[in-house]
>>> print(open('start-v4.pdb').read())   # PDB, C-alpha atoms, pLDDT in the B column
ATOM      1  CA  MET A   6     127.103 113.938  95.150  1.00 78.00           C
ATOM      2  CA  HIS A   7     126.707 111.546  98.064  1.00 83.00           C
ATOM      3  CA  ALA A   8     126.436 108.590  95.685  1.00 86.00           C
ATOM      4  CA  GLY A   9     129.629 109.656  93.939  1.00 86.00           C
ATOM      5  CA  PHE A  10     131.567 110.145  97.138  1.00 87.00           C
ATOM      6  CA  PHE A  11     130.199 106.865  98.576  1.00 93.00           C
ATOM      7  CA  THR A  12     131.617 105.155  95.482  1.00 92.00           C
ATOM      8  CA  CYS A  13     134.922 106.959  95.885  1.00 91.00           C
ATOM      9  CA  GLY A  14     135.222 105.741  99.471  1.00 93.00           C
ATOM     10  CA  PHE A  15     134.214 102.204  98.502  1.00 95.00           C
ATOM     11  CA  HIS A  16     136.761 102.161  95.728  1.00 91.00           C
ATOM     12  CA  ILE A  17     139.658 103.661  97.679  1.00 92.00           C
ATOM     13  CA  ALA A  18     139.210 101.541 100.809  1.00 95.00           C
ATOM     14  CA  PHE A  19     138.780  98.356  98.781  1.00 95.00           C
ATOM     15  CA  LEU A  20     141.985  98.996  96.865  1.00 93.00           C
ATOM     16  CA  VAL A  21     144.116 100.165  99.771  1.00 92.00           C
ATOM     17  CA  THR A  22     142.998  97.204 101.858  1.00 94.00           C
ATOM     18  CA  HIS A  23     142.922  94.470  99.232  1.00 95.00           C
ATOM     19  CA  LEU A  24     145.207  95.396  96.306  1.00 95.00           C
ATOM     20  CA  PRO A  25     148.252  93.716  97.914  1.00 95.00           C
ATOM     21  CA  THR A  26     146.253  90.502  98.358  1.00 95.00           C
ATOM     22  CA  GLU A  27     144.966  90.715  94.772  1.00 96.00           C
ATOM     23  CA  ILE A  28     148.547  91.059  93.537  1.00 96.00           C
ATOM     24  CA  ALA A  29     149.624  88.098  95.691  1.00 95.00           C
ATOM     25  CA  LEU A  30     146.717  86.015  94.338  1.00 95.00           C
ATOM     26  CA  CYS A  31     148.145  86.693  90.866  1.00 95.00           C
ATOM     27  CA  GLY A  32     151.452  85.163  91.994  1.00 94.00           C
ATOM     28  CA  LEU A  33     153.383  88.433  92.063  1.00 96.00           C
ATOM     29  CA  SER A  34     155.776  89.650  94.728  1.00 94.00           C
ATOM     30  CA  ASP A  35     155.319  92.082  97.591  1.00 95.00           C
ATOM     31  CA  LYS A  36     157.592  94.463  95.671  1.00 97.00           C
ATOM     32  CA  VAL A  37     154.894  94.779  92.989  1.00 97.00           C
ATOM     33  CA  SER A  38     152.339  95.603  95.696  1.00 95.00           C
ATOM     34  CA  ALA A  39     154.561  98.223  97.295  1.00 96.00           C
ATOM     35  CA  THR A  40     155.400  99.804  93.948  1.00 97.00           C
ATOM     36  CA  ALA A  41     151.740  99.859  92.871  1.00 96.00           C
ATOM     37  CA  LEU A  42     150.672 101.569  96.112  1.00 95.00           C
ATOM     38  CA  ALA A  43     153.530 104.073  95.771  1.00 96.00           C
ATOM     39  CA  LEU A  44     152.463 104.841  92.192  1.00 96.00           C
ATOM     40  CA  ILE A  45     148.901 105.469  93.358  1.00 95.00           C
ATOM     41  CA  GLY A  46     150.241 108.004  95.860  1.00 94.00           C
ATOM     42  CA  LEU A  47     152.588 109.660  93.379  1.00 96.00           C
ATOM     43  CA  PHE A  48     149.998 110.020  90.629  1.00 96.00           C
ATOM     44  CA  ASN A  49     147.419 111.153  93.194  1.00 94.00           C
ATOM     45  CA  VAL A  50     149.369 114.377  93.700  1.00 95.00           C
ATOM     46  CA  GLY A  51     149.437 115.189  89.996  1.00 94.00           C
ATOM     47  CA  GLY A  52     145.812 114.186  89.472  1.00 94.00           C
ATOM     48  CA  SER A  53     144.551 116.314  92.342  1.00 92.00           C
ATOM     49  CA  LEU A  54     146.499 119.363  91.174  1.00 93.00           C
ATOM     50  CA  ALA A  55     145.400 118.880  87.563  1.00 93.00           C
ATOM     51  CA  VAL A  56     141.724 118.512  88.459  1.00 92.00           C
ATOM     52  CA  GLY A  57     141.906 121.589  90.690  1.00 88.00           C
ATOM     53  CA  TRP A  58     143.252 123.543  87.708  1.00 90.00           C
ATOM     54  CA  LEU A  59     140.722 122.019  85.297  1.00 92.00           C
ATOM     55  CA  GLY A  60     137.894 122.888  87.704  1.00 87.00           C
ATOM     56  CA  GLN A  61     138.547 126.549  86.956  1.00 86.00           C
ATOM     57  CA  ARG A  62     137.965 125.941  83.255  1.00 88.00           C
ATOM     58  CA  TYR A  63     135.349 123.184  83.015  1.00 89.00           C
ATOM     59  CA  ARG A  64     132.254 122.173  84.912  1.00 88.00           C
ATOM     60  CA  MET A  65     133.227 120.214  87.979  1.00 88.00           C
ATOM     61  CA  LYS A  66     130.307 117.823  87.560  1.00 91.00           C
ATOM     62  CA  SER A  67     131.740 116.845  84.167  1.00 92.00           C
ATOM     63  CA  LEU A  68     135.171 116.277  85.678  1.00 93.00           C
ATOM     64  CA  LEU A  69     133.665 114.070  88.376  1.00 93.00           C
ATOM     65  CA  ALA A  70     131.659 112.074  85.852  1.00 94.00           C
ATOM     66  CA  LEU A  71     134.782 111.621  83.733  1.00 94.00           C
ATOM     67  CA  MET A  72     136.868 110.480  86.705  1.00 94.00           C
ATOM     68  CA  TYR A  73     134.308 107.923  87.872  1.00 95.00           C
ATOM     69  CA  ALA A  74     133.803 106.623  84.327  1.00 96.00           C
ATOM     70  CA  SER A  75     137.566 106.349  83.864  1.00 95.00           C
ATOM     71  CA  ARG A  76     137.772 104.229  87.020  1.00 95.00           C
ATOM     72  CA  ALA A  77     135.222 101.825  85.547  1.00 96.00           C
ATOM     73  CA  LEU A  78     137.258 101.699  82.331  1.00 97.00           C
ATOM     74  CA  LEU A  79     140.527 101.120  84.186  1.00 96.00           C
ATOM     75  CA  ILE A  80     139.050  98.264  86.195  1.00 96.00           C
ATOM     76  CA  GLY A  81     137.554  96.749  83.055  1.00 96.00           C
ATOM     77  CA  LEU A  82     140.950  96.908  81.339  1.00 96.00           C
ATOM     78  CA  TYR A  83     142.620  95.402  84.369  1.00 95.00           C
ATOM     79  CA  LEU A  84     140.189  92.466  84.286  1.00 96.00           C
ATOM     80  CA  VAL A  85     140.903  91.621  80.630  1.00 97.00           C
ATOM     81  CA  LEU A  86     144.682  92.143  80.652  1.00 97.00           C
ATOM     82  CA  PRO A  87     147.176  89.559  81.933  1.00 96.00           C
ATOM     83  CA  PRO A  88     148.186  90.121  85.578  1.00 94.00           C
ATOM     84  CA  THR A  89     151.772  91.290  85.018  1.00 96.00           C
ATOM     85  CA  PRO A  90     153.745  93.829  87.041  1.00 97.00           C
ATOM     86  CA  MET A  91     153.473  96.376  84.211  1.00 97.00           C
ATOM     87  CA  VAL A  92     149.686  95.978  84.092  1.00 96.00           C
ATOM     88  CA  PHE A  93     149.499  96.627  87.840  1.00 96.00           C
ATOM     89  CA  TYR A  94     151.801  99.642  87.518  1.00 97.00           C
ATOM     90  CA  GLY A  95     149.697 101.129  84.726  1.00 96.00           C
ATOM     91  CA  PHE A  96     146.517 100.360  86.653  1.00 96.00           C
ATOM     92  CA  ALA A  97     147.934 102.036  89.771  1.00 96.00           C
ATOM     93  CA  ALA A  98     149.083 105.118  87.861  1.00 96.00           C
ATOM     94  CA  GLY A  99     145.685 105.506  86.206  1.00 95.00           C
ATOM     95  CA  LEU A 100     143.851 105.074  89.495  1.00 94.00           C
ATOM     96  CA  GLY A 101     146.219 107.479  91.198  1.00 94.00           C
ATOM     97  CA  LEU A 102     145.256 110.222  88.763  1.00 94.00           C
ATOM     98  CA  THR A 103     141.660 110.025  90.025  1.00 92.00           C
ATOM     99  CA  TRP A 104     142.364 108.845  93.580  1.00 89.00           C
ATOM    100  CA  LEU A 105     141.595 111.938  95.654  1.00 88.00           C
ATOM    101  CA  ALA A 106     141.165 114.206  92.652  1.00 90.00           C
ATOM    102  CA  THR A 107     137.447 113.901  93.346  1.00 90.00           C
ATOM    103  CA  VAL A 108     137.815 116.117  96.422  1.00 89.00           C
ATOM    104  CA  PRO A 109     138.443 119.524  94.751  1.00 88.00           C
ATOM    105  CA  PRO A 110     135.449 119.344  92.377  1.00 90.00           C
ATOM    106  CA  THR A 111     133.170 117.862  95.036  1.00 89.00           C
ATOM    107  CA  ALA A 112     133.997 120.649  97.479  1.00 87.00           C
ATOM    108  CA  GLY A 113     133.832 123.173  94.625  1.00 87.00           C
ATOM    109  CA  ILE A 114     130.335 122.144  93.595  1.00 87.00           C
ATOM    110  CA  ILE A 115     129.101 122.295  97.178  1.00 87.00           C
ATOM    111  CA  GLY A 116     130.603 125.767  97.513  1.00 86.00           C
ATOM    112  CA  LYS A 117     129.022 126.913  94.239  1.00 85.00           C
ATOM    113  CA  LEU A 118     125.592 125.546  95.058  1.00 85.00           C
ATOM    114  CA  PHE A 119     125.340 126.492  98.725  1.00 86.00           C
ATOM    115  CA  GLY A 120     128.000 129.134  99.340  1.00 83.00           C
ATOM    116  CA  ALA A 121     131.083 129.242 101.517  1.00 84.00           C
ATOM    117  CA  ARG A 122     129.014 129.678 104.676  1.00 87.00           C
ATOM    118  CA  TYR A 123     127.704 126.088 104.529  1.00 84.00           C
ATOM    119  CA  LEU A 124     130.677 124.451 102.805  1.00 86.00           C
ATOM    120  CA  ALA A 125     132.247 122.844 105.886  1.00 88.00           C
ATOM    121  CA  THR A 126     128.997 121.366 107.168  1.00 90.00           C
ATOM    122  CA  LEU A 127     127.728 120.108 103.824  1.00 89.00           C
ATOM    123  CA  PHE A 128     131.103 118.756 102.741  1.00 87.00           C
ATOM    124  CA  GLY A 129     131.227 116.996 106.128  1.00 89.00           C
ATOM    125  CA  PHE A 130     127.969 115.201 105.326  1.00 89.00           C
ATOM    126  CA  THR A 131     129.300 114.291 101.893  1.00 89.00           C
ATOM    127  CA  LEU A 132     132.511 113.040 103.487  1.00 90.00           C
ATOM    128  CA  LEU A 133     130.418 110.885 105.814  1.00 94.00           C
ATOM    129  CA  SER A 134     129.044 109.083 102.753  1.00 92.00           C
ATOM    130  CA  HIS A 135     132.677 108.588 101.629  1.00 93.00           C
ATOM    131  CA  GLN A 136     133.525 106.985 104.959  1.00 95.00           C
ATOM    132  CA  VAL A 137     130.473 104.698 104.849  1.00 96.00           C
ATOM    133  CA  GLY A 138     131.481 103.643 101.339  1.00 95.00           C
ATOM    134  CA  GLY A 139     135.004 103.042 102.601  1.00 95.00           C
ATOM    135  CA  PHE A 140     133.716 100.763 105.330  1.00 97.00           C
ATOM    136  CA  PHE A 141     131.754  98.687 102.830  1.00 97.00           C
ATOM    137  CA  GLY A 142     134.642  98.544 100.344  1.00 96.00           C
ATOM    138  CA  ALA A 143     137.063  97.160 102.913  1.00 96.00           C
ATOM    139  CA  TRP A 144     134.577  94.908 104.715  1.00 97.00           C
ATOM    140  CA  LEU A 145     132.857  93.420 101.669  1.00 96.00           C
ATOM    141  CA  GLY A 146     136.219  92.819 100.014  1.00 96.00           C
ATOM    142  CA  GLY A 147     137.179  90.609 102.952  1.00 96.00           C
ATOM    143  CA  LEU A 148     133.848  88.776 102.892  1.00 96.00           C
ATOM    144  CA  VAL A 149     134.040  88.161  99.156  1.00 96.00           C
ATOM    145  CA  LEU A 150     137.590  86.846  99.409  1.00 96.00           C
ATOM    146  CA  GLN A 151     136.710  84.622 102.354  1.00 95.00           C
ATOM    147  CA  HIS A 152     133.634  83.101 100.711  1.00 96.00           C
ATOM    148  CA  LEU A 153     134.600  83.054  97.026  1.00 95.00           C
ATOM    149  CA  GLY A 154     138.392  82.865  97.109  1.00 94.00           C
ATOM    150  CA  ASP A 155     138.990  85.872  94.868  1.00 94.00           C
ATOM    151  CA  TYR A 156     137.804  89.437  94.299  1.00 96.00           C
ATOM    152  CA  SER A 157     135.953  89.014  90.987  1.00 94.00           C
ATOM    153  CA  TRP A 158     132.579  90.110  92.329  1.00 95.00           C
ATOM    154  CA  MET A 159     134.140  93.124  94.029  1.00 96.00           C
ATOM    155  CA  TRP A 160     135.669  94.286  90.755  1.00 96.00           C
ATOM    156  CA  TYR A 161     132.291  93.974  89.032  1.00 96.00           C
ATOM    157  CA  ALA A 162     130.561  95.840  91.864  1.00 96.00           C
ATOM    158  CA  ASP A 163     133.221  98.534  91.656  1.00 95.00           C
ATOM    159  CA  ILE A 164     132.605  98.987  87.924  1.00 96.00           C
ATOM    160  CA  VAL A 165     128.845  99.276  88.454  1.00 96.00           C
ATOM    161  CA  LEU A 166     129.258 101.738  91.318  1.00 96.00           C
ATOM    162  CA  ALA A 167     131.685 103.854  89.278  1.00 95.00           C
ATOM    163  CA  LEU A 168     129.241 104.031  86.368  1.00 96.00           C
ATOM    164  CA  VAL A 169     126.384 104.937  88.730  1.00 95.00           C
ATOM    165  CA  ALA A 170     128.563 107.643  90.302  1.00 94.00           C
ATOM    166  CA  ALA A 171     129.452 109.036  86.866  1.00 94.00           C
ATOM    167  CA  ALA A 172     125.781 109.195  85.896  1.00 95.00           C
ATOM    168  CA  ALA A 173     124.720 110.621  89.277  1.00 92.00           C
ATOM    169  CA  ASN A 174     126.959 113.665  88.844  1.00 89.00           C
ATOM    170  CA  LEU A 175     125.648 114.673  85.428  1.00 90.00           C
ATOM    171  CA  PRO A 176     122.256 116.119  86.524  1.00 87.00           C
ATOM    172  CA  ILE A 177     123.856 118.540  89.012  1.00 86.00           C
ATOM    173  CA  ARG A 178     122.903 122.113  88.046  1.00 83.00           C
ATOM    174  CA  GLU A 179     126.283 123.760  88.010  1.00 76.00           C
ATOM    175  CA  THR A 180     127.047 127.030  86.256  1.00 73.00           C
ATOM    176  CA  ARG A 181     129.873 127.291  83.785  1.00 74.00           C
ATOM    177  CA  PRO A 182     133.134 128.593  85.251  1.00 69.00           C
ATOM    178  CA  GLN A 183     133.935 132.252  84.589  1.00 68.00           C
ATOM    179  CA  THR A 184     137.399 132.599  83.078  1.00 61.00           C
ATOM    180  CA  ALA A 185     139.556 135.669  83.467  1.00 52.00           C
ATOM    181  CA  LEU A 186     139.329 136.307  79.723  1.00 48.00           C
ATOM    182  CA  ALA A 187     135.539 136.176  79.729  1.00 49.00           C
ATOM    183  CA  THR A 188     135.263 138.829  82.449  1.00 48.00           C
ATOM    184  CA  ALA A 189     137.864 141.217  80.990  1.00 45.00           C
TER
END
>>> encode(input="start-v4.pdb", output="C-alpha cells")
Amino acid sequence: MHAGFFTCGFHIAFLVTHLPTEIALCGLSDKVSATALALIGLFNVGGSLAVGWLGQRYRMKSLLALMYASRALLIGLYLVLPPTPMVFYGFAAGLGLTWLATVPPTAGIIGKLFGARYLATLFGFTLLSHQVGGFFGAWLGGLVLQHLGDYSWMWYADIVLALVAAAANLPIRETRPQTALATA
C-alpha cells in the first residue's frame, strides 16, 4: 500500500508542478494548461465518488490496481499521440478520474485489515509515503528538465512506478465486499 501511495504522490506532484511547463514545451498556450488543470479537478470529483461507490461492490485492491495501471496506459497514450489541446484535455480528464480516487480504497483497505481503531494512525503512515513520493515527483521533475531539457525520463519513470503500484496492490489479502442482497 505504501508503494502505491508513494507512486500516487509522485505522480500527482509531478503533474501539478510540471504539466504547465510540459504544455508550454509543446508550444501550446497557458489557456491549455489552465483548462487541463481544471479538467483534472473536475473529473477528480466524479472519479472519487465513483470509486467510493465501486468499493462497496468490488475489492478495493482491484480498484487500486486498475487505477494505477490506467495511469500507466494514459501516460503511454499521451507519449505516442500528437501534443494537441484535445490530447491534453483527454489526458487531463482521464487522470482526473484516478487523481485522488485512490484515497477511498486505500483508507478502506486499511480499515478492513486493521480496524477502525488504528485507521487514522496507519493511514497517516501511508499518507507519509504519499508525501515523500510527492517530494520526489516535483523535485526530480525539475532536475530532469534542467539537465535534459524535457520530461521524457520522468514520463517513463511514472509509467514504471504506476505498473509497480498496480502489481503491489494485487497480493493484498482483502475479503470480498458484502452486498446488501447477499446478507438479506
>>> atom_distance(input="start-v4.pdb", atom1="CA of Gly146 in chain A", atom2="CA of Leu69 in chain A")
24.4 Å
>>> residues_around(input="start-v4.pdb", residues="Val21 in chain A", least_positions_apart="2", cutoff="12 Å", atoms="all atoms listed in the file", output="VMD selection string")
chain A and resid 14 to 19 23 to 28 38 to 39 41 to 43 45 to 46 97 100 to 101 104 139 to 140 142 to 144 146
>>> closest_atom_pairs(input="start-v4.pdb", of="range 28-108 of chain A", to="range 112-121 of chain A", cutoff="12 Å", atoms="all atoms listed in the file", output="JSON lines")
{"residue": "A:Val56", "atom": "CA", "partner": "A:Gly113", "partner_atom": "CA", "distance": 11.0}
{"residue": "A:Gly57", "atom": "CA", "partner": "A:Gly113", "partner_atom": "CA", "distance": 9.1}
{"residue": "A:Trp58", "atom": "CA", "partner": "A:Gly113", "partner_atom": "CA", "distance": 11.7}
{"residue": "A:Leu59", "atom": "CA", "partner": "A:Gly113", "partner_atom": "CA", "distance": 11.7}
{"residue": "A:Gly60", "atom": "CA", "partner": "A:Gly113", "partner_atom": "CA", "distance": 8.0}
{"residue": "A:Gln61", "atom": "CA", "partner": "A:Gly113", "partner_atom": "CA", "distance": 9.6}
{"residue": "A:Tyr63", "atom": "CA", "partner": "A:Gly113", "partner_atom": "CA", "distance": 11.7}
{"residue": "A:Arg64", "atom": "CA", "partner": "A:Ile114", "partner_atom": "CA", "distance": 8.9}
{"residue": "A:Met65", "atom": "CA", "partner": "A:Ile114", "partner_atom": "CA", "distance": 6.6}
{"residue": "A:Lys66", "atom": "CA", "partner": "A:Ile114", "partner_atom": "CA", "distance": 7.4}
{"residue": "A:Ser67", "atom": "CA", "partner": "A:Ile114", "partner_atom": "CA", "distance": 10.9}
{"residue": "A:Leu68", "atom": "CA", "partner": "A:Ile114", "partner_atom": "CA", "distance": 11.0}
{"residue": "A:Leu69", "atom": "CA", "partner": "A:Ile114", "partner_atom": "CA", "distance": 10.2}
{"residue": "A:Leu105", "atom": "CA", "partner": "A:Ala112", "partner_atom": "CA", "distance": 11.7}
{"residue": "A:Ala106", "atom": "CA", "partner": "A:Ala112", "partner_atom": "CA", "distance": 10.8}
{"residue": "A:Thr107", "atom": "CA", "partner": "A:Ala112", "partner_atom": "CA", "distance": 8.6}
{"residue": "A:Val108", "atom": "CA", "partner": "A:Ala112", "partner_atom": "CA", "distance": 6.0}
>>> residues_around(input="start-v4.pdb", residues="Leu133 in chain A", least_positions_apart="4", cutoff="12 Å", atoms="all atoms listed in the file", output="ChimeraX atom specification")
/A:6-15,126-129,137-140
>>> write_last_selection(input="start-v4.pdb", atoms="C-alpha atoms", output="short mmCIF file (atom, residue, chain, number, x, y, z; two decimals), in the frame of the given file")
data_model
loop_
_atom_site.label_atom_id
_atom_site.label_comp_id
_atom_site.auth_asym_id
_atom_site.auth_seq_id
_atom_site.Cartn_x
_atom_site.Cartn_y
_atom_site.Cartn_z
CA MET A 6 127.10 113.94 95.15
CA HIS A 7 126.71 111.55 98.06
CA ALA A 8 126.44 108.59 95.68
CA GLY A 9 129.63 109.66 93.94
CA PHE A 10 131.57 110.14 97.14
CA PHE A 11 130.20 106.86 98.58
CA THR A 12 131.62 105.16 95.48
CA CYS A 13 134.92 106.96 95.88
CA GLY A 14 135.22 105.74 99.47
CA PHE A 15 134.21 102.20 98.50
CA THR A 126 129.00 121.37 107.17
CA LEU A 127 127.73 120.11 103.82
CA PHE A 128 131.10 118.76 102.74
CA GLY A 129 131.23 117.00 106.13
CA VAL A 137 130.47 104.70 104.85
CA GLY A 138 131.48 103.64 101.34
CA GLY A 139 135.00 103.04 102.60
CA PHE A 140 133.72 100.76 105.33
#
>>> resolve_selection(input="start-v4.pdb", expression="the PyMOL selection byres ((chain A and resi 168) around 12)", output="PDB file with C-alpha atoms, in the frame of the given file")
ATOM      1  CA  ALA A   8     126.436 108.590  95.685  1.00 86.00           C
ATOM      2  CA  GLY A   9     129.629 109.656  93.939  1.00 86.00           C
ATOM      3  CA  THR A  12     131.617 105.155  95.482  1.00 92.00           C
ATOM      4  CA  CYS A  13     134.922 106.959  95.885  1.00 91.00           C
ATOM      5  CA  LEU A  69     133.665 114.070  88.376  1.00 93.00           C
ATOM      6  CA  ALA A  70     131.659 112.074  85.852  1.00 94.00           C
ATOM      7  CA  LEU A  71     134.782 111.621  83.733  1.00 94.00           C
ATOM      8  CA  MET A  72     136.868 110.480  86.705  1.00 94.00           C
ATOM      9  CA  TYR A  73     134.308 107.923  87.872  1.00 95.00           C
ATOM     10  CA  ALA A  74     133.803 106.623  84.327  1.00 96.00           C
ATOM     11  CA  SER A  75     137.566 106.349  83.864  1.00 95.00           C
ATOM     12  CA  ARG A  76     137.772 104.229  87.020  1.00 95.00           C
ATOM     13  CA  ALA A  77     135.222 101.825  85.547  1.00 96.00           C
ATOM     14  CA  LEU A  78     137.258 101.699  82.331  1.00 97.00           C
ATOM     15  CA  LEU A  79     140.527 101.120  84.186  1.00 96.00           C
ATOM     16  CA  ILE A  80     139.050  98.264  86.195  1.00 96.00           C
ATOM     17  CA  GLY A  81     137.554  96.749  83.055  1.00 96.00           C
ATOM     18  CA  TYR A 161     132.291  93.974  89.032  1.00 96.00           C
ATOM     19  CA  ALA A 162     130.561  95.840  91.864  1.00 96.00           C
ATOM     20  CA  ASP A 163     133.221  98.534  91.656  1.00 95.00           C
ATOM     21  CA  ILE A 164     132.605  98.987  87.924  1.00 96.00           C
ATOM     22  CA  VAL A 165     128.845  99.276  88.454  1.00 96.00           C
ATOM     23  CA  LEU A 166     129.258 101.738  91.318  1.00 96.00           C
ATOM     24  CA  ALA A 167     131.685 103.854  89.278  1.00 95.00           C
ATOM     25  CA  VAL A 169     126.384 104.937  88.730  1.00 95.00           C
ATOM     26  CA  ALA A 170     128.563 107.643  90.302  1.00 94.00           C
ATOM     27  CA  ALA A 171     129.452 109.036  86.866  1.00 94.00           C
ATOM     28  CA  ALA A 172     125.781 109.195  85.896  1.00 95.00           C
ATOM     29  CA  ALA A 173     124.720 110.621  89.277  1.00 92.00           C
ATOM     30  CA  ASN A 174     126.959 113.665  88.844  1.00 89.00           C
ATOM     31  CA  LEU A 175     125.648 114.673  85.428  1.00 90.00           C
TER      32      LEU A 175
END
>>> axis_aligned_box(input="start-v4.pdb", around="range 148-167 of chain A", padding_each_side="6 Å", output="lines of an AutoDock Vina configuration file")
center_x = 133.9
center_y = 93.4
center_z = 95.4
size_x = 22.1
size_y = 33.0
size_z = 27.0
>>> atom_distance(input="start-v4.pdb", atom1="CA of Leu102 in chain A", atom2="CA of Arg178 in chain A")
25.3 Å
>>> closest_residue(input="start-v4.pdb", among="A:Leu153, A:Leu20, A:Val37, A:Leu132", to="Val92 in chain A", atoms="only C-alpha atoms")
A:Val37
>>> atom_distance(input="start-v4.pdb", atom1="CA of Gly52 in chain A", atom2="CA of Met159 in chain A")
24.5 Å
>>> closest_residue(input="start-v4.pdb", among="A:Phe141, A:Tyr156, A:Val149, A:Leu47", to="Tyr94 in chain A", atoms="all atoms listed in the file")
A:Leu47
>>> decode(input="start-v4.pdb", residues="range 24-45 of chain A", atoms="N, CA and C atoms", output="mmCIF file, in the first residue's frame")
data_model
loop_
_atom_site.group_PDB
_atom_site.id
_atom_site.type_symbol
_atom_site.label_atom_id
_atom_site.label_comp_id
_atom_site.auth_asym_id
_atom_site.auth_seq_id
_atom_site.Cartn_x
_atom_site.Cartn_y
_atom_site.Cartn_z
ATOM 1 N N LEU A 24 3.065 19.973 -15.320
ATOM 2 C CA LEU A 24 2.209 19.889 -16.506
ATOM 3 C C LEU A 24 2.146 21.212 -17.276
ATOM 4 N N PRO A 25 2.013 22.362 -16.606
ATOM 5 C CA PRO A 25 2.016 23.613 -17.383
ATOM 6 C C PRO A 25 3.294 23.819 -18.199
ATOM 7 N N THR A 26 4.439 23.442 -17.641
ATOM 8 C CA THR A 26 5.692 23.575 -18.387
ATOM 9 C C THR A 26 5.725 22.587 -19.547
ATOM 10 N N GLU A 27 5.249 21.373 -19.322
ATOM 11 C CA GLU A 27 5.188 20.377 -20.407
ATOM 12 C C GLU A 27 4.329 20.902 -21.555
ATOM 13 N N ILE A 28 3.194 21.487 -21.220
ATOM 14 C CA ILE A 28 2.304 22.031 -22.253
ATOM 15 C C ILE A 28 2.986 23.184 -22.979
ATOM 16 N N ALA A 29 3.694 24.037 -22.241
ATOM 17 C CA ALA A 29 4.428 25.139 -22.882
ATOM 18 C C ALA A 29 5.541 24.620 -23.784
ATOM 19 N N LEU A 30 6.232 23.547 -23.347
ATOM 20 C CA LEU A 30 7.289 22.960 -24.182
ATOM 21 C C LEU A 30 6.726 22.417 -25.499
ATOM 22 N N CYS A 31 5.448 22.074 -25.503
ATOM 23 C CA CYS A 31 4.792 21.595 -26.723
ATOM 24 C C CYS A 31 4.291 22.746 -27.586
ATOM 25 N N GLY A 32 4.553 23.990 -27.149
ATOM 26 C CA GLY A 32 4.173 25.157 -27.938
ATOM 27 C C GLY A 32 2.725 25.570 -27.778
ATOM 28 N N LEU A 33 2.069 25.107 -26.719
ATOM 29 C CA LEU A 33 0.665 25.445 -26.509
ATOM 30 C C LEU A 33 0.530 26.559 -25.470
ATOM 31 N N SER A 34 -0.624 27.177 -25.455
ATOM 32 C CA SER A 34 -0.835 28.367 -24.634
ATOM 33 C C SER A 34 -1.093 28.049 -23.164
ATOM 34 N N ASP A 35 -1.030 29.092 -22.358
ATOM 35 C CA ASP A 35 -1.350 28.977 -20.935
ATOM 36 C C ASP A 35 -2.804 28.572 -20.735
ATOM 37 N N LYS A 36 -3.653 28.952 -21.676
ATOM 38 C CA LYS A 36 -5.083 28.584 -21.591
ATOM 39 C C LYS A 36 -5.235 27.065 -21.611
ATOM 40 N N VAL A 37 -4.436 26.378 -22.398
ATOM 41 C CA VAL A 37 -4.486 24.910 -22.437
ATOM 42 C C VAL A 37 -4.072 24.345 -21.080
ATOM 43 N N SER A 38 -3.039 24.934 -20.480
ATOM 44 C CA SER A 38 -2.597 24.491 -19.152
ATOM 45 C C SER A 38 -3.689 24.678 -18.118
ATOM 46 N N ALA A 39 -4.285 25.859 -18.103
ATOM 47 C CA ALA A 39 -5.332 26.152 -17.122
ATOM 48 C C ALA A 39 -6.535 25.225 -17.312
ATOM 49 N N THR A 40 -6.916 25.007 -18.553
ATOM 50 C CA THR A 40 -8.060 24.138 -18.824
ATOM 51 C C THR A 40 -7.745 22.697 -18.432
ATOM 52 N N ALA A 41 -6.539 22.236 -18.724
ATOM 53 C CA ALA A 41 -6.157 20.863 -18.364
ATOM 54 C C ALA A 41 -6.182 20.679 -16.850
ATOM 55 N N LEU A 42 -5.635 21.634 -16.103
ATOM 56 C CA LEU A 42 -5.655 21.521 -14.638
ATOM 57 C C LEU A 42 -7.083 21.573 -14.092
ATOM 58 N N ALA A 43 -7.924 22.409 -14.698
ATOM 59 C CA ALA A 43 -9.332 22.475 -14.279
ATOM 60 C C ALA A 43 -10.049 21.157 -14.562
ATOM 61 N N LEU A 44 -9.751 20.540 -15.696
ATOM 62 C CA LEU A 44 -10.366 19.247 -16.024
ATOM 63 C C LEU A 44 -9.932 18.160 -15.047
ATOM 64 N N ILE A 45 -8.668 18.184 -14.637
ATOM 65 C CA ILE A 45 -8.207 17.229 -13.634
ATOM 66 C C ILE A 45 -9.062 17.378 -12.376
#
